[in-house]
file my_file-v5.cif (mmCIF, C-alpha atoms)
data_model
#
loop_
_atom_site.group_PDB
_atom_site.id
_atom_site.type_symbol
_atom_site.label_atom_id
_atom_site.label_comp_id
_atom_site.auth_asym_id
_atom_site.auth_seq_id
_atom_site.Cartn_x
_atom_site.Cartn_y
_atom_site.Cartn_z
ATOM 1 C CA GLY A 2 2.530 6.582 -29.282
ATOM 2 C CA GLU A 3 5.124 7.303 -26.659
ATOM 3 C CA SER A 4 3.907 7.042 -23.108
ATOM 4 C CA VAL A 5 4.476 10.003 -20.833
ATOM 5 C CA GLY A 6 5.523 9.754 -17.235
ATOM 6 C CA LEU A 7 2.979 10.922 -14.735
ATOM 7 C CA HIS A 8 4.147 13.736 -12.498
ATOM 8 C CA LEU A 9 3.325 13.604 -8.833
ATOM 9 C CA PRO A 10 0.920 16.189 -7.456
ATOM 10 C CA THR A 11 3.018 18.805 -5.722
ATOM 11 C CA LEU A 12 2.250 21.004 -2.759
ATOM 12 C CA SER A 13 4.543 23.961 -2.121
ATOM 13 C CA VAL A 14 4.324 25.754 1.209
ATOM 14 C CA GLN A 15 6.294 28.252 3.230
ATOM 15 C CA GLU A 16 8.010 27.171 6.403
ATOM 16 C CA GLY A 17 5.665 27.626 9.321
ATOM 17 C CA ASP A 18 2.492 27.246 7.283
ATOM 18 C CA ASN A 19 0.113 24.352 7.750
ATOM 19 C CA SER A 20 0.018 21.714 5.008
ATOM 20 C CA ILE A 21 -2.895 19.556 3.929
ATOM 21 C CA ILE A 22 -2.279 16.525 1.745
ATOM 22 C CA ASN A 23 -5.274 14.713 0.311
ATOM 23 C CA CYS A 24 -5.869 11.152 -0.756
ATOM 24 C CA ALA A 25 -8.803 9.311 -2.297
ATOM 25 C CA TYR A 26 -9.140 5.602 -1.656
ATOM 26 C CA SER A 27 -11.057 2.969 -3.539
ATOM 27 C CA ASN A 28 -12.076 0.159 -1.227
ATOM 28 C CA SER A 29 -14.859 0.952 1.208
ATOM 29 C CA ALA A 30 -14.068 -2.294 3.055
ATOM 30 C CA SER A 31 -10.535 -1.255 4.005
ATOM 31 C CA ASP A 32 -9.921 -1.522 7.735
ATOM 32 C CA TYR A 33 -6.927 0.712 8.225
ATOM 33 C CA PHE A 34 -5.402 3.689 6.493
ATOM 34 C CA ILE A 35 -1.777 4.591 6.957
ATOM 35 C CA TRP A 36 0.275 7.611 5.930
ATOM 36 C CA TYR A 37 3.917 7.189 4.958
ATOM 37 C CA LYS A 38 6.653 9.731 4.300
ATOM 38 C CA GLN A 39 9.369 9.025 1.759
ATOM 39 C CA GLU A 40 12.479 11.157 1.737
ATOM 40 C CA SER A 41 14.802 11.181 -1.236
ATOM 41 C CA GLY A 42 16.837 8.002 -1.502
ATOM 42 C CA LYS A 43 15.003 6.237 1.301
ATOM 43 C CA GLY A 44 12.144 3.835 1.755
ATOM 44 C CA PRO A 45 8.749 5.059 2.961
ATOM 45 C CA GLN A 46 8.403 5.519 6.725
ATOM 46 C CA PHE A 47 5.279 5.306 8.856
ATOM 47 C CA ILE A 48 3.808 8.597 10.055
ATOM 48 C CA ILE A 49 0.346 7.914 11.427
ATOM 49 C CA ASP A 50 -2.560 5.556 10.938
ATOM 50 C CA ILE A 51 -6.314 5.596 11.427
ATOM 51 C CA ARG A 52 -8.802 2.816 11.777
ATOM 52 C CA SER A 53 -11.912 2.834 9.601
ATOM 53 C CA ASN A 54 -14.218 3.346 12.613
ATOM 54 C CA MET A 55 -12.556 6.679 13.430
ATOM 55 C CA ASP A 56 -12.902 10.128 11.842
ATOM 56 C CA LYS A 57 -9.825 11.805 13.210
ATOM 57 C CA ARG A 58 -6.541 10.945 14.832
ATOM 58 C CA GLN A 59 -3.841 13.275 16.052
ATOM 59 C CA GLY A 60 -0.138 12.801 16.460
ATOM 60 C CA GLN A 61 2.741 15.132 16.999
ATOM 61 C CA ARG A 62 2.181 18.012 14.517
ATOM 62 C CA VAL A 63 0.150 15.682 12.286
ATOM 63 C CA THR A 64 -3.564 14.984 12.100
ATOM 64 C CA VAL A 65 -5.317 12.506 9.858
ATOM 65 C CA LEU A 66 -8.950 12.934 8.883
ATOM 66 C CA LEU A 67 -11.077 10.189 7.370
ATOM 67 C CA ASN A 68 -14.297 10.813 5.455
ATOM 68 C CA LYS A 69 -15.777 7.445 4.605
ATOM 69 C CA THR A 70 -18.773 8.956 2.836
ATOM 70 C CA VAL A 71 -16.623 10.261 0.019
ATOM 71 C CA LYS A 72 -13.705 7.854 0.541
ATOM 72 C CA HIS A 73 -11.304 10.641 1.329
ATOM 73 C CA LEU A 74 -8.319 10.846 3.612
ATOM 74 C CA SER A 75 -6.231 13.870 4.505
ATOM 75 C CA LEU A 76 -2.988 14.485 6.355
ATOM 76 C CA GLN A 77 -2.542 17.810 8.046
ATOM 77 C CA ILE A 78 0.925 18.935 9.085
ATOM 78 C CA ALA A 79 1.090 21.874 11.464
ATOM 79 C CA ALA A 80 3.895 24.424 11.322
ATOM 80 C CA THR A 81 5.551 22.745 8.367
ATOM 81 C CA GLN A 82 9.333 22.577 8.504
ATOM 82 C CA PRO A 83 11.945 22.109 5.755
ATOM 83 C CA GLY A 84 12.528 18.591 7.087
ATOM 84 C CA ASP A 85 8.962 17.751 6.161
ATOM 85 C CA SER A 86 9.838 18.008 2.466
ATOM 86 C CA ALA A 87 9.216 14.543 1.061
ATOM 87 C CA VAL A 88 6.720 12.462 -0.887
ATOM 88 C CA TYR A 89 3.701 11.442 1.167
ATOM 89 C CA PHE A 90 1.708 8.301 0.466
ATOM 90 C CA CYS A 91 -1.560 7.101 1.837
ATOM 91 C CA ALA A 92 -2.064 3.344 1.990
ATOM 92 C CA GLU A 93 -5.129 1.275 2.662
ATOM 93 C CA ASN A 94 -4.881 -2.152 4.245
ATOM 94 C CA ARG A 95 -7.313 -4.374 2.437
ATOM 95 C CA ASP A 96 -8.210 -7.965 3.029
ATOM 96 C CA PRO A 97 -9.033 -9.590 -0.324
ATOM 97 C CA SER A 98 -8.527 -13.156 0.748
ATOM 98 C CA GLY A 99 -9.630 -13.436 4.337
ATOM 99 C CA GLY A 100 -6.858 -12.680 6.801
ATOM 100 C CA SER A 101 -4.077 -11.472 4.523
ATOM 101 C CA TYR A 102 -3.901 -7.719 4.846
ATOM 102 C CA ILE A 103 -2.209 -6.193 1.843
ATOM 103 C CA PRO A 104 -1.164 -2.534 1.918
ATOM 104 C CA THR A 105 -2.049 -0.732 -1.316
ATOM 105 C CA PHE A 106 -0.434 2.624 -1.927
ATOM 106 C CA GLY A 107 -1.762 5.754 -3.580
ATOM 107 C CA ARG A 108 0.203 7.768 -6.129
ATOM 108 C CA GLY A 109 1.835 10.061 -3.614
ATOM 109 C CA THR A 110 2.100 13.822 -3.175
ATOM 110 C CA SER A 111 5.352 15.738 -3.207
ATOM 111 C CA LEU A 112 5.569 18.321 -0.420
ATOM 112 C CA ILE A 113 8.090 21.109 -0.903
ATOM 113 C CA VAL A 114 8.735 23.407 2.042
ATOM 114 C CA HIS A 115 10.402 26.720 1.283
ATOM 115 C CA PRO A 116 12.436 28.307 4.086
ATOM 116 C CA ASP B 225 17.299 -3.866 15.403
ATOM 117 C CA ALA B 226 18.955 -2.699 12.189
ATOM 118 C CA GLY B 227 15.681 -2.594 10.316
ATOM 119 C CA VAL B 228 14.987 -4.214 6.974
ATOM 120 C CA ILE B 229 18.238 -4.742 5.119
ATOM 121 C CA GLN B 230 18.415 -4.841 1.347
ATOM 122 C CA SER B 231 21.329 -5.531 -0.941
ATOM 123 C CA PRO B 232 22.743 -4.421 -3.207
ATOM 124 C CA ARG B 233 21.978 -0.729 -2.811
ATOM 125 C CA HIS B 234 22.586 -0.133 -6.510
ATOM 126 C CA GLU B 235 22.739 -2.573 -9.400
ATOM 127 C CA VAL B 236 23.678 -1.765 -12.966
ATOM 128 C CA THR B 237 23.457 -4.593 -15.450
ATOM 129 C CA GLU B 238 23.048 -5.274 -19.112
ATOM 130 C CA MET B 239 19.891 -6.482 -20.750
ATOM 131 C CA GLY B 240 19.625 -10.252 -20.651
ATOM 132 C CA GLN B 241 21.594 -10.678 -17.451
ATOM 133 C CA GLU B 242 20.213 -12.280 -14.306
ATOM 134 C CA VAL B 243 19.618 -9.980 -11.356
ATOM 135 C CA THR B 244 19.151 -11.091 -7.755
ATOM 136 C CA LEU B 245 17.946 -8.711 -5.086
ATOM 137 C CA ARG B 246 18.190 -9.677 -1.434
ATOM 138 C CA CYS B 247 16.271 -8.809 1.680
ATOM 139 C CA LYS B 248 16.577 -9.499 5.381
ATOM 140 C CA PRO B 249 13.362 -8.605 7.225
ATOM 141 C CA ILE B 250 13.159 -7.417 10.805
ATOM 142 C CA SER B 251 13.546 -10.310 13.211
ATOM 143 C CA GLY B 252 10.164 -11.549 14.400
ATOM 144 C CA HIS B 253 8.194 -10.142 11.493
ATOM 145 C CA ASN B 254 6.187 -12.826 9.757
ATOM 146 C CA SER B 255 5.075 -10.912 6.663
ATOM 147 C CA LEU B 256 7.367 -9.779 3.872
ATOM 148 C CA PHE B 257 6.513 -7.671 0.835
ATOM 149 C CA TRP B 258 8.374 -6.823 -2.358
ATOM 150 C CA TYR B 259 7.416 -3.520 -4.012
ATOM 151 C CA ARG B 260 8.614 -1.835 -7.184
ATOM 152 C CA GLN B 261 8.623 1.940 -7.498
ATOM 153 C CA THR B 262 8.666 3.872 -10.760
ATOM 154 C CA MET B 263 7.496 7.324 -11.745
ATOM 155 C CA MET B 264 4.987 5.786 -14.137
ATOM 156 C CA ARG B 265 3.328 3.350 -11.767
ATOM 157 C CA GLY B 266 4.230 4.512 -8.279
ATOM 158 C CA LEU B 267 4.613 1.794 -5.614
ATOM 159 C CA GLU B 268 3.435 -1.546 -6.943
ATOM 160 C CA LEU B 269 3.174 -4.667 -4.826
ATOM 161 C CA LEU B 270 4.934 -7.536 -6.573
ATOM 162 C CA ILE B 271 4.585 -10.374 -4.076
ATOM 163 C CA TYR B 272 3.727 -10.959 -0.441
ATOM 164 C CA PHE B 273 4.864 -13.745 1.904
ATOM 165 C CA ASN B 274 3.315 -14.774 5.194
ATOM 166 C CA ASN B 275 5.331 -17.165 7.358
ATOM 167 C CA ASN B 276 7.670 -17.766 4.406
ATOM 168 C CA VAL B 277 4.807 -18.848 2.130
ATOM 169 C CA PRO B 278 3.902 -16.774 -0.950
ATOM 170 C CA ILE B 279 0.326 -15.584 -0.453
ATOM 171 C CA ASP B 280 -0.226 -13.190 -3.334
ATOM 172 C CA ASP B 281 2.046 -12.980 -6.376
ATOM 173 C CA SER B 282 -0.496 -11.421 -8.697
ATOM 174 C CA GLY B 283 1.692 -8.343 -8.989
ATOM 175 C CA MET B 284 4.661 -10.190 -10.430
ATOM 176 C CA PRO B 285 4.760 -8.785 -13.952
ATOM 177 C CA GLU B 286 6.052 -11.774 -15.890
ATOM 178 C CA ASP B 287 7.572 -15.214 -15.592
ATOM 179 C CA ARG B 288 10.941 -13.508 -15.738
ATOM 180 C CA PHE B 289 10.317 -12.465 -12.133
ATOM 181 C CA SER B 290 10.535 -14.942 -9.280
ATOM 182 C CA ALA B 291 10.767 -14.603 -5.511
ATOM 183 C CA LYS B 292 11.690 -16.988 -2.756
ATOM 184 C CA MET B 293 11.729 -16.961 1.008
ATOM 185 C CA PRO B 294 13.674 -20.015 2.150
ATOM 186 C CA ASN B 295 13.539 -18.994 5.803
ATOM 187 C CA ALA B 296 12.167 -16.294 8.067
ATOM 188 C CA SER B 297 15.249 -14.115 7.771
ATOM 189 C CA PHE B 298 15.933 -14.040 4.041
ATOM 190 C CA SER B 299 14.165 -13.417 0.756
ATOM 191 C CA THR B 300 15.296 -12.960 -2.831
ATOM 192 C CA LEU B 301 13.724 -11.395 -5.885
ATOM 193 C CA LYS B 302 15.202 -12.619 -9.145
ATOM 194 C CA ILE B 303 14.799 -11.258 -12.649
ATOM 195 C CA GLN B 304 15.983 -13.495 -15.464
ATOM 196 C CA PRO B 305 16.524 -12.277 -18.122
ATOM 197 C CA SER B 306 16.455 -8.600 -17.198
ATOM 198 C CA GLU B 307 15.129 -5.930 -19.577
ATOM 199 C CA PRO B 308 15.535 -2.127 -19.618
ATOM 200 C CA ARG B 309 11.884 -1.683 -18.575
ATOM 201 C CA ASP B 310 12.709 -3.460 -15.316
ATOM 202 C CA SER B 311 14.733 -0.428 -14.245
ATOM 203 C CA ALA B 312 13.195 0.830 -11.013
ATOM 204 C CA VAL B 313 13.724 0.985 -7.271
ATOM 205 C CA TYR B 314 12.798 -2.296 -5.615
ATOM 206 C CA PHE B 315 11.769 -2.169 -1.976
ATOM 207 C CA CYS B 316 11.413 -4.925 0.527
ATOM 208 C CA ALA B 317 9.208 -4.365 3.585
ATOM 209 C CA SER B 318 8.140 -6.435 6.554
ATOM 210 C CA ASN B 319 5.633 -6.338 9.386
ATOM 211 C CA LEU B 320 3.926 -8.494 11.963
ATOM 212 C CA GLY B 321 0.926 -9.100 9.724
ATOM 213 C CA GLY B 322 -2.615 -8.154 10.656
ATOM 214 C CA PRO B 323 -4.922 -5.296 9.647
ATOM 215 C CA GLY B 324 -3.320 -2.359 11.379
ATOM 216 C CA GLU B 325 0.318 -3.286 11.089
ATOM 217 C CA LYS B 326 2.539 -0.662 9.531
ATOM 218 C CA LEU B 327 5.221 -1.593 7.043
ATOM 219 C CA PHE B 328 8.912 -1.222 7.735
ATOM 220 C CA PHE B 329 10.765 -0.587 4.496
ATOM 221 C CA GLY B 330 14.346 -1.215 3.541
ATOM 222 C CA SER B 331 16.396 1.427 1.744
ATOM 223 C CA GLY B 332 15.662 -0.142 -1.615
ATOM 224 C CA THR B 333 17.739 -1.384 -4.533
ATOM 225 C CA GLN B 334 18.127 1.000 -7.448
ATOM 226 C CA LEU B 335 18.199 -1.238 -10.522
ATOM 227 C CA SER B 336 19.352 0.038 -13.896
ATOM 228 C CA VAL B 337 19.190 -2.331 -16.857
ATOM 229 C CA LEU B 338 21.084 -0.988 -19.855
#
call {"tool": "encode", "arguments": {"input": "my_file-v5.cif", "output": "structure tokens"}}
result
Amino acid sequence: GESVGLHLPTLSVQEGDNSIINCAYSNSASDYFIWYKQESGKGPQFIIDIRSNMDKRQGQRVTVLLNKTVKHLSLQIAATQPGDSAVYFCAENRDPSGGSYIPTFGRGTSLIVHP
Amino acid sequence: DAGVIQSPRHEVTEMGQEVTLRCKPISGHNSLFWYRQTMMRGLELLIYFNNNVPIDDSGMPEDRFSAKMPNASFSTLKIQPSEPRDSAVYFCASNLGGPGEKLFFGSGTQLSVL
């Protein structure tokens, strides 16, 4: 049969609202988790990271929460702006071969901010 | 620093042709990654170099794909022969290596194989 393209999860919010983007990861041994933002036509860009021994980290308008019990990561964006519209990826840095940290990316979530 | 530089920005070619994608990492970065992005599979790691040496090429889909890093400032990803299913955006990224190092991505090469 014909394969069907998978659509990205999409989050639509109004300008000024808070946004929460979720991510599930697979490897409980991952040391670092990093959020990237990808705008149309560009490569992903670093937003914020969190080490596995932390539960929460805050940046400018962004907060990342890590729940290791359920292997869940979230990115909270306060007062979302139209410029925040992009695809957001979480990535885990895993070490499968002793010293070589390889970033593995999730599927991504499309954030659409309506003015 | 100009960031990670990729060329060409767009490539349109016919099935069976050889395609070469180029990447210049950020000066001083010792790790370089090639990713492929499609709607079907998202961002897939193809190959990873550390200090110019390929460390993990398990993501390279077939023997048609090859990558080289002859020196610290240049890498190529070659597809020979190309097929329509190779159409995707190919990203190069670099970092300093290590567990918490973020990736710096280039702008990507949009490849269309007709």
call {"tool": "residues_around", "arguments": {"input": "my_file-v5.cif", "residues": "Pro232 (chain B)", "least_positions_apart": "2", "cutoff": "9 Å", "atoms": "all atoms listed in the file", "output": "number ranges by chain"}}
result
B: 230, 234-235, 244-246, 332-334
call {"tool": "closest_residue", "arguments": {"input": "my_file-v5.cif", "among": "B:Ile229, B:Leu338, B:Leu320, B:Val243", "to": "Gln304 (chain B)", "atoms": "all atoms listed in the file"}}
result
B:Val243
call {"tool": "residues_around", "arguments": {"input": "my_file-v5.cif", "residues": "Leu76 (chain A)", "least_positions_apart": "3", "cutoff": "7 Å", "atoms": "all atoms listed in the file", "output": "list in words"}}
result
Ile21, Ile22, Asn23, Val63, Thr64, Val65 and Leu66 of chain A
call {"tool": "resolve_selection", "arguments": {"input": "my_file-v5.cif", "expression": "the PyMOL selection byres ((chain B) within 8 of (chain A))", "output": "list in words"}}
result
Met263, Met264, Arg265, Gly266, Leu267, Glu268, Leu269, Tyr272, Ile279, Phe315, Gly321, Gly322, Pro323, Gly324, Lys326, Leu327, Phe328, Phe329, Gly330, Ser331 and Gly332 of chain B
call {"tool": "residues_around", "arguments": {"input": "my_file-v5.cif", "residues": "Val71 (chain A)", "least_positions_apart": "6", "cutoff": "12 Å", "atoms": "all atoms listed in the file", "output": "ChimeraX atom specification"}}
result
/A:24-29
call {"tool": "closest_residue", "arguments": {"input": "my_file-v5.cif", "among": "B:Leu301, B:Leu256, B:Val313, B:Ala226", "to": "Asn274 (chain B)", "atoms": "all atoms listed in the file"}}
result
B:Leu256
call {"tool": "residues_around", "arguments": {"input": "my_file-v5.cif", "residues": "Gln241 (chain B)", "least_positions_apart": "6", "cutoff": "9 Å", "atoms": "all atoms listed in the file", "output": "number ranges by chain"}}
result
B: 303-307, 337
call {"tool": "write_last_selection", "arguments": {"input": "my_file-v5.cif", "atoms": "C-alpha atoms", "output": "short mmCIF file (atom, residue, chain, number, x, y, z; two decimals), keeping the file's coordinate frame"}}
result
data_model
loop_
_atom_site.label_atom_id
_atom_site.label_comp_id
_atom_site.auth_asym_id
_atom_site.auth_seq_id
_atom_site.Cartn_x
_atom_site.Cartn_y
_atom_site.Cartn_z
CA ILE B 303 14.80 -11.26 -12.65
CA GLN B 304 15.98 -13.50 -15.46
CA PRO B 305 16.52 -12.28 -18.12
CA SER B 306 16.45 -8.60 -17.20
CA GLU B 307 15.13 -5.93 -19.58
CA VAL B 337 19.19 -2.33 -16.86
#
call {"tool": "resolve_selection", "arguments": {"input": "my_file-v5.cif", "expression": "the PyMOL selection byres ((chain B and resi 308) around 10)", "output": "PyMOL selection string"}}
result
chain B and resi 237-240+306-307+309-312+335-338
call {"tool": "atom_distance", "arguments": {"input": "my_file-v5.cif", "atom1": "CA of Arg260 (chain B)", "atom2": "CA of Gly84 (chain A)"}}
result
25.2 Å
call {"tool": "atom_distance", "arguments": {"input": "my_file-v5.cif", "atom1": "CA of Ala80 (chain A)", "atom2": "CA of Lys38 (chain A)"}}
result
16.5 Å
call {"tool": "atom_distance", "arguments": {"input": "my_file-v5.cif", "atom1": "CA of Pro294 (chain B)", "atom2": "CA of Tyr259 (chain B)"}}
result
18.7 Å
call {"tool": "resolve_selection", "arguments": {"input": "my_file-v5.cif", "expression": "the PyMOL selection byres ((chain A and resi 113) around 8)", "output": "list in words"}}
result
Thr11, Leu12, Ser13, Val14, Pro83, Asp85, Ser86, Ala87, Ser111, Leu112, Val114 and His115 of chain A
call {"tool": "residues_around", "arguments": {"input": "my_file-v5.cif", "residues": "Pro278 (chain B)", "least_positions_apart": "6", "cutoff": "10 Å", "atoms": "all atoms listed in the file", "output": "list in words"}}
result
Ser255, Leu256, Phe257, Ile271, Tyr272, Ala291, Lys292 and Met293 of chain B
call {"tool": "closest_residue", "arguments": {"input": "my_file-v5.cif", "among": "A:Pro10, A:Lys69, A:Ser75, A:Gln82", "to": "Ser53 (chain A)", "atoms": "all atoms listed in the file"}}
result
A:Lys69
call {"tool": "closest_residue", "arguments": {"input": "my_file-v5.cif", "among": "B:His253, B:Lys302, B:Ser318, B:Phe273", "to": "Phe289 (chain B)", "atoms": "all atoms listed in the file"}}
result
B:Lys302
call {"tool": "axis_aligned_box", "arguments": {"input": "my_file-v5.cif", "around": "region 89-94 of chain A", "padding_each_side": "4 Å", "output": "AutoDock Vina command-line options"}}
result
--center_x -0.7 --center_y 4.6 --center_z 2.4 --size_x 16.8 --size_y 21.6 --size_z 11.8
call {"tool": "decode", "arguments": {"input": "my_file-v5.cif", "residues": "region 307-322 of chain B", "atoms": "N, CA and C atoms", "output": "CSV table (one decimal), in the first residue's frame"}}
result
chain,number,residue,atom,x,y,z
B,307,GLU,N,18.6,8.9,-6.2
B,307,GLU,CA,17.2,8.4,-6.5
B,307,GLU,C,16.2,9.4,-6.0
B,308,PRO,N,15.0,9.4,-6.5
B,308,PRO,CA,13.9,10.3,-6.1
B,308,PRO,C,13.7,10.3,-4.6
B,309,ARG,N,13.8,9.1,-4.0
B,309,ARG,CA,13.5,9.0,-2.5
B,309,ARG,C,14.6,9.6,-1.7
B,310,ASP,N,15.7,10.1,-2.3
B,310,ASP,CA,16.7,10.8,-1.6
B,310,ASP,C,16.4,12.3,-1.4
B,311,SER,N,15.3,12.7,-2.0
B,311,SER,CA,14.9,14.1,-1.9
B,311,SER,C,14.6,14.5,-0.5
B,312,ALA,N,15.2,15.5,0.0
B,312,ALA,CA,15.1,15.9,1.4
B,312,ALA,C,15.9,17.1,1.6
B,313,VAL,N,15.8,17.6,2.9
B,313,VAL,CA,16.8,18.7,3.3
B,313,VAL,C,17.9,18.0,4.1
B,314,TYR,N,19.1,18.3,3.7
B,314,TYR,CA,20.3,17.7,4.3
B,314,TYR,C,20.9,18.8,5.2
B,315,PHE,N,21.1,18.6,6.4
B,315,PHE,CA,21.7,19.6,7.3
B,315,PHE,C,23.1,19.0,7.8
B,316,CYS,N,24.0,20.0,7.9
B,316,CYS,CA,25.2,19.7,8.6
B,316,CYS,C,25.2,20.5,9.9
B,317,ALA,N,25.8,20.0,10.9
B,317,ALA,CA,25.9,20.6,12.2
B,317,ALA,C,27.2,20.3,12.9
B,318,SER,N,27.7,21.2,13.7
B,318,SER,CA,28.9,21.0,14.4
B,318,SER,C,28.8,21.4,15.9
B,319,ASN,N,29.7,20.9,16.7
B,319,ASN,CA,29.8,21.4,18.1
B,319,ASN,C,31.2,21.0,18.6
B,320,LEU,N,31.4,21.3,19.9
B,320,LEU,CA,32.7,21.0,20.5
B,320,LEU,C,32.8,19.6,21.0
B,321,GLY,N,31.7,18.8,20.9
B,321,GLY,CA,31.7,17.5,21.4
B,321,GLY,C,31.4,17.5,22.9
B,322,GLY,N,31.1,16.4,23.5
B,322,GLY,CA,30.8,16.3,24.9
B,322,GLY,C,29.3,16.3,25.2
